[in-house]
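Have a look at the structure below before the remarks.
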Amino acid sequence: MSTEKLEDIAIDCFVIGWVEFCGVLFAFLPAVEAWSKKTPFKEYKLDAWIGGTCLVLLAITVVIQLILGHILKKRGSVYKYPGVALLKDVFCFALQKGEWGAADIVEDHLTREDIQNSPLLHHFSRKINLRATVVAVVMTPVFLLSLLGVIVAYARNSSAGINLFSRSTAETAGIGGKLFITIICIGLCFLYVAALVRIKVKIGNLRADIVKSGIPLQDLDQEFLSSQCIGHDIWVGEKHIFMSGGSQAYMFLVDDIFEIEQGDIRGNHIPYCMLTVTSITGEQTNLISFDSHMKEKLETAINRKKNS
């Protein structure tokens with residue numbers, strides 16, 4: 001069987017394994033709890049059968065995954081253990097680490113005073129990512145509500161924080177409910193931290209781009225001051241484009257731009273566009289906007305600077 005086919009099977013096993021794991025959490029564990037309390041078997045018979053089946057299937061899936069991982073490792077595949085790789089990518093993307101976030105740390109010997117005195121670096125270092133700020137504000141009460149549910153479930157053994165529509169304050173929280181609210185709380189906490197990380201626009205990539213260019217910062221400051229802003233914090237200079245996309249700021253040499261794309265996306269029935277700038281070195285930034293003419297404005301400004 002080809003390596004590509006084995007990789008597809010390994011990824012499918014990972015997804016199936018998560019479904020089976022959820023079945024163990026929400027069916028088998030409550031059945032075990034009922035058994036420990038000597039509850040009549042007929043009252044948790046369905047949970048026992050569903051949860052037991054999920055547990056057996058999960059064990060088989062894990063064994064298959066380990067065998068496939070061993071085979072793929074021998075073949076030198078990058079998808080040896082797709083579950084681990086996927087979780088690592090999600091973690092790095094959410095917290096803006098590695099290839100998803102800041103570039104390699106560079107030694108530019110710039111002090112805080114140097115950054116403050118640089119029109120280019122000072123402008124982007126004080127920028128705030130509005131989308132991430134809005135998400136963080138909305139997420140705050142939602143996360144705190146789930147955290148309160150966890151505290152009430154474990155401290156008072158009450159399901160008041162789990163079943164918000166229950167009128168009974170004396171209803172106890174079972175192990176399934178506790179696990180449910182705990183998983184929800186952990187997920188919301190992860191999303192909340194990811195939003196907080198993105199609030200402040202970082203200039204690590206911009207500083208790395210400046211070092212790679214070999215151009216004195218004073219010259220780039222002058223170019224930035226004479227550049228044209230076309231909106232959304234995109235500045236087109238004589239030779240460079242300065243912009244912040246998401247939580248990172250970048251500098252692109254106009255002659256090194258490989259591609260400028262703009263796609264129309266529809267989210268929650270609200271049309272918006274994503275502008276993507278890619279350099280020949282592979283560096284890329286995305287910018288979301290309601291303006292459907294951002295690509296046209298950027299290309300027009302670049303051509304105008306080239307012809308001037």
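Within each chain, counting starts at residue 1; across the structure tokens, chains are named A, B, ... in the order shown, with ligands numbered 1 upward in that order.
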Q) Which residues, written as an MDAnalysis selection string, have at least one atom at most 10 Å from segment 107-109 of chain A, with only C-alpha atoms counted and residues fewer than 6 positions away on the same chain left out? A) chainID A and resid 207:208 210:211
Only N, CA and C atoms, please: the residues just picked out, written as a PDB file, in the first residue's frame.
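See result.pdb below for the written result:
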ATOM      1  N   ARG A 207      11.037  43.498  12.495  1.00  0.00           N
ATOM      2  CA  ARG A 207      12.449  43.694  12.842  1.00  0.00           C
ATOM      3  C   ARG A 207      13.336  42.688  12.107  1.00  0.00           C
ATOM      4  N   ALA A 208      12.837  41.446  11.979  1.00  0.00           N
ATOM      5  CA  ALA A 208      13.600  40.432  11.234  1.00  0.00           C
ATOM      6  C   ALA A 208      13.713  40.820   9.762  1.00  0.00           C
ATOM      7  N   ILE A 210      13.713  43.825   8.569  1.00  0.00           N
ATOM      8  CA  ILE A 210      14.639  44.958   8.460  1.00  0.00           C
ATOM      9  C   ILE A 210      16.080  44.473   8.484  1.00  0.00           C
ATOM     10  N   VAL A 211      16.376  43.528   9.377  1.00  0.00           N
ATOM     11  CA  VAL A 211      17.728  42.982   9.459  1.00  0.00           C
ATOM     12  C   VAL A 211      18.102  42.273   8.161  1.00  0.00           C
TER      13      VAL A 211
END
message: Report as number ranges by chain all protein, DNA and RNA residues lying within 7 Å of Lys295 of chain A, evaluated on only C-alpha atoms, omitting residues in the same chain fewer than 2 positions from it.
response: A: 260-262, 275, 293, 297-299
Exercise for the section: Please give the complete set of residues from segment 109-243 of chain A that DSSP, run on the backbone, assigns to alpha helix (DSSP H), formatted as a VMD selection string. Expected result: chain A and resid 112 to 117 119 to 125 130 to 155 175 to 199 204 to 213 217 to 225
- Selection: 7 Å around Cys273 of chain A, only C-alpha atoms, excl. self and same-chain fewer than 2 positions, as JSON, numbers by chain: {"A": [262, 263, 264, 265, 275, 288, 289, 290, 291, 292]}
Output file for the selection above: N, CA, C and O atoms, as an mmCIF file, in the first residue's frame:
data_model
loop_
_atom_site.group_PDB
_atom_site.id
_atom_site.type_symbol
_atom_site.label_atom_id
_atom_site.label_comp_id
_atom_site.auth_asym_id
_atom_site.auth_seq_id
_atom_site.Cartn_x
_atom_site.Cartn_y
_atom_site.Cartn_z
ATOM 1 N N GLN A 262 -6.702 38.033 -3.575
ATOM 2 C CA GLN A 262 -7.842 38.470 -2.764
ATOM 3 C C GLN A 262 -9.013 37.545 -3.032
ATOM 4 O O GLN A 262 -9.414 37.349 -4.177
ATOM 5 N N GLY A 263 -9.506 36.924 -1.966
ATOM 6 C CA GLY A 263 -10.629 36.004 -2.113
ATOM 7 C C GLY A 263 -11.851 36.514 -1.387
ATOM 8 O O GLY A 263 -11.755 37.138 -0.324
ATOM 9 N N ASP A 264 -13.002 36.282 -1.978
ATOM 10 C CA ASP A 264 -14.264 36.658 -1.357
ATOM 11 C C ASP A 264 -14.738 35.516 -0.476
ATOM 12 O O ASP A 264 -14.875 34.388 -0.929
ATOM 13 N N ILE A 265 -14.971 35.823 0.776
ATOM 14 C CA ILE A 265 -15.417 34.828 1.749
ATOM 15 C C ILE A 265 -16.712 35.327 2.369
ATOM 16 O O ILE A 265 -16.916 36.522 2.553
ATOM 17 N N LEU A 275 -7.200 39.510 1.887
ATOM 18 C CA LEU A 275 -6.074 39.892 1.053
ATOM 19 C C LEU A 275 -4.844 39.122 1.519
ATOM 20 O O LEU A 275 -4.527 39.120 2.710
ATOM 21 N N ILE A 288 -7.945 40.655 6.598
ATOM 22 C CA ILE A 288 -9.388 40.538 6.347
ATOM 23 C C ILE A 288 -10.014 41.926 6.279
ATOM 24 O O ILE A 288 -9.725 42.792 7.111
ATOM 25 N N SER A 289 -10.858 42.142 5.295
ATOM 26 C CA SER A 289 -11.450 43.460 5.076
ATOM 27 C C SER A 289 -12.817 43.324 4.426
ATOM 28 O O SER A 289 -13.116 42.332 3.764
ATOM 29 N N PHE A 290 -13.646 44.355 4.628
ATOM 30 C CA PHE A 290 -14.920 44.435 3.918
ATOM 31 C C PHE A 290 -14.748 45.145 2.573
ATOM 32 O O PHE A 290 -15.684 45.224 1.787
ATOM 33 N N ASP A 291 -13.563 45.695 2.344
ATOM 34 C CA ASP A 291 -13.275 46.415 1.102
ATOM 35 C C ASP A 291 -12.883 45.411 0.020
ATOM 36 O O ASP A 291 -11.847 44.751 0.111
ATOM 37 N N SER A 292 -13.692 45.301 -1.001
ATOM 38 C CA SER A 292 -13.441 44.331 -2.082
ATOM 39 C C SER A 292 -12.424 44.845 -3.095
ATOM 40 O O SER A 292 -12.118 44.145 -4.067
#
Within 12 Å of Leu130 of chain A, counting only C-alpha atoms, which residues show up once you throw out same-chain ones fewer than 6 positions away? Write them as a list in words, please. Ala136, Val137, Ala195, Leu196, Arg198, Ile199, Lys200, Val201, His232, Ser244, Gly245, Gly246, Ser247 and Ile288 of chain A
Those residues you just picked out, can you put them in a file as a PDB file, in the first residue's frame with N, CA, C and O atoms?
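Ended up saving to again05.pdb:
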ATOM      1  N   ALA A 136     -11.811  38.883  22.463  1.00  0.00           N
ATOM      2  CA  ALA A 136     -11.445  38.745  23.877  1.00  0.00           C
ATOM      3  C   ALA A 136     -12.526  39.320  24.786  1.00  0.00           C
ATOM      4  O   ALA A 136     -12.853  38.733  25.825  1.00  0.00           O
ATOM      5  N   VAL A 137     -13.087  40.453  24.400  1.00  0.00           N
ATOM      6  CA  VAL A 137     -14.149  41.071  25.207  1.00  0.00           C
ATOM      7  C   VAL A 137     -15.378  40.176  25.260  1.00  0.00           C
ATOM      8  O   VAL A 137     -15.979  39.972  26.322  1.00  0.00           O
ATOM      9  N   ALA A 195      -6.948  34.581  21.977  1.00  0.00           N
ATOM     10  CA  ALA A 195      -7.409  35.934  21.641  1.00  0.00           C
ATOM     11  C   ALA A 195      -6.553  36.987  22.332  1.00  0.00           C
ATOM     12  O   ALA A 195      -6.195  38.019  21.738  1.00  0.00           O
ATOM     13  N   LEU A 196      -6.211  36.749  23.593  1.00  0.00           N
ATOM     14  CA  LEU A 196      -5.390  37.706  24.330  1.00  0.00           C
ATOM     15  C   LEU A 196      -4.007  37.855  23.706  1.00  0.00           C
ATOM     16  O   LEU A 196      -3.451  38.960  23.651  1.00  0.00           O
ATOM     17  N   ARG A 198      -3.241  37.697  20.663  1.00  0.00           N
ATOM     18  CA  ARG A 198      -3.317  38.423  19.398  1.00  0.00           C
ATOM     19  C   ARG A 198      -3.681  39.901  19.547  1.00  0.00           C
ATOM     20  O   ARG A 198      -3.672  40.634  18.559  1.00  0.00           O
ATOM     21  N   ILE A 199      -4.021  40.355  20.734  1.00  0.00           N
ATOM     22  CA  ILE A 199      -4.469  41.741  20.894  1.00  0.00           C
ATOM     23  C   ILE A 199      -3.387  42.730  20.490  1.00  0.00           C
ATOM     24  O   ILE A 199      -3.637  43.680  19.753  1.00  0.00           O
ATOM     25  N   LYS A 200      -2.181  42.512  20.974  1.00  0.00           N
ATOM     26  CA  LYS A 200      -1.088  43.445  20.680  1.00  0.00           C
ATOM     27  C   LYS A 200      -0.385  43.022  19.402  1.00  0.00           C
ATOM     28  O   LYS A 200       0.036  41.877  19.270  1.00  0.00           O
ATOM     29  N   VAL A 201      -0.285  43.941  18.437  1.00  0.00           N
ATOM     30  CA  VAL A 201       0.445  43.659  17.210  1.00  0.00           C
ATOM     31  C   VAL A 201       1.937  43.625  17.538  1.00  0.00           C
ATOM     32  O   VAL A 201       2.471  44.545  18.149  1.00  0.00           O
ATOM     33  N   HIS A 232      -6.354  50.161   6.014  1.00  0.00           N
ATOM     34  CA  HIS A 232      -6.084  48.921   6.744  1.00  0.00           C
ATOM     35  C   HIS A 232      -4.617  48.786   7.140  1.00  0.00           C
ATOM     36  O   HIS A 232      -4.074  47.691   7.160  1.00  0.00           O
ATOM     37  N   SER A 244       0.515  45.569   8.675  1.00  0.00           N
ATOM     38  CA  SER A 244       0.253  44.645   9.778  1.00  0.00           C
ATOM     39  C   SER A 244      -0.923  43.768   9.380  1.00  0.00           C
ATOM     40  O   SER A 244      -1.967  44.262   8.973  1.00  0.00           O
ATOM     41  N   GLY A 245      -0.715  42.470   9.457  1.00  0.00           N
ATOM     42  CA  GLY A 245      -1.780  41.525   9.161  1.00  0.00           C
ATOM     43  C   GLY A 245      -2.034  40.686  10.396  1.00  0.00           C
ATOM     44  O   GLY A 245      -1.158  39.958  10.843  1.00  0.00           O
ATOM     45  N   GLY A 246      -3.207  40.794  10.975  1.00  0.00           N
ATOM     46  CA  GLY A 246      -3.485  40.052  12.204  1.00  0.00           C
ATOM     47  C   GLY A 246      -2.678  40.594  13.360  1.00  0.00           C
ATOM     48  O   GLY A 246      -2.731  41.782  13.675  1.00  0.00           O
ATOM     49  N   SER A 247      -1.866  39.741  13.969  1.00  0.00           N
ATOM     50  CA  SER A 247      -1.103  40.167  15.147  1.00  0.00           C
ATOM     51  C   SER A 247       0.365  40.403  14.838  1.00  0.00           C
ATOM     52  O   SER A 247       1.161  40.596  15.750  1.00  0.00           O
ATOM     53  N   ILE A 288      -7.945  40.655   6.598  1.00  0.00           N
ATOM     54  CA  ILE A 288      -9.388  40.538   6.347  1.00  0.00           C
ATOM     55  C   ILE A 288     -10.014  41.926   6.279  1.00  0.00           C
ATOM     56  O   ILE A 288      -9.725  42.792   7.111  1.00  0.00           O
TER      57      ILE A 288
END
Problem set entry | Minimum-distance residue to Val150 of chain A, chosen among A:Ile50, A:Leu179, A:Val254, A:Leu29 (using only C-alpha atoms) |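 Using only C-alpha atoms, Val150 of chain A sits closest to A:Leu179.
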Check: Which of these residues is nearest to Gly23 of chain A, using only C-alpha atoms: A:Thr3, A:Ser118, A:Phe180, A:Ala194?
Finding: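 With only C-alpha atoms as the atom set, the closest residue is A:Phe180.
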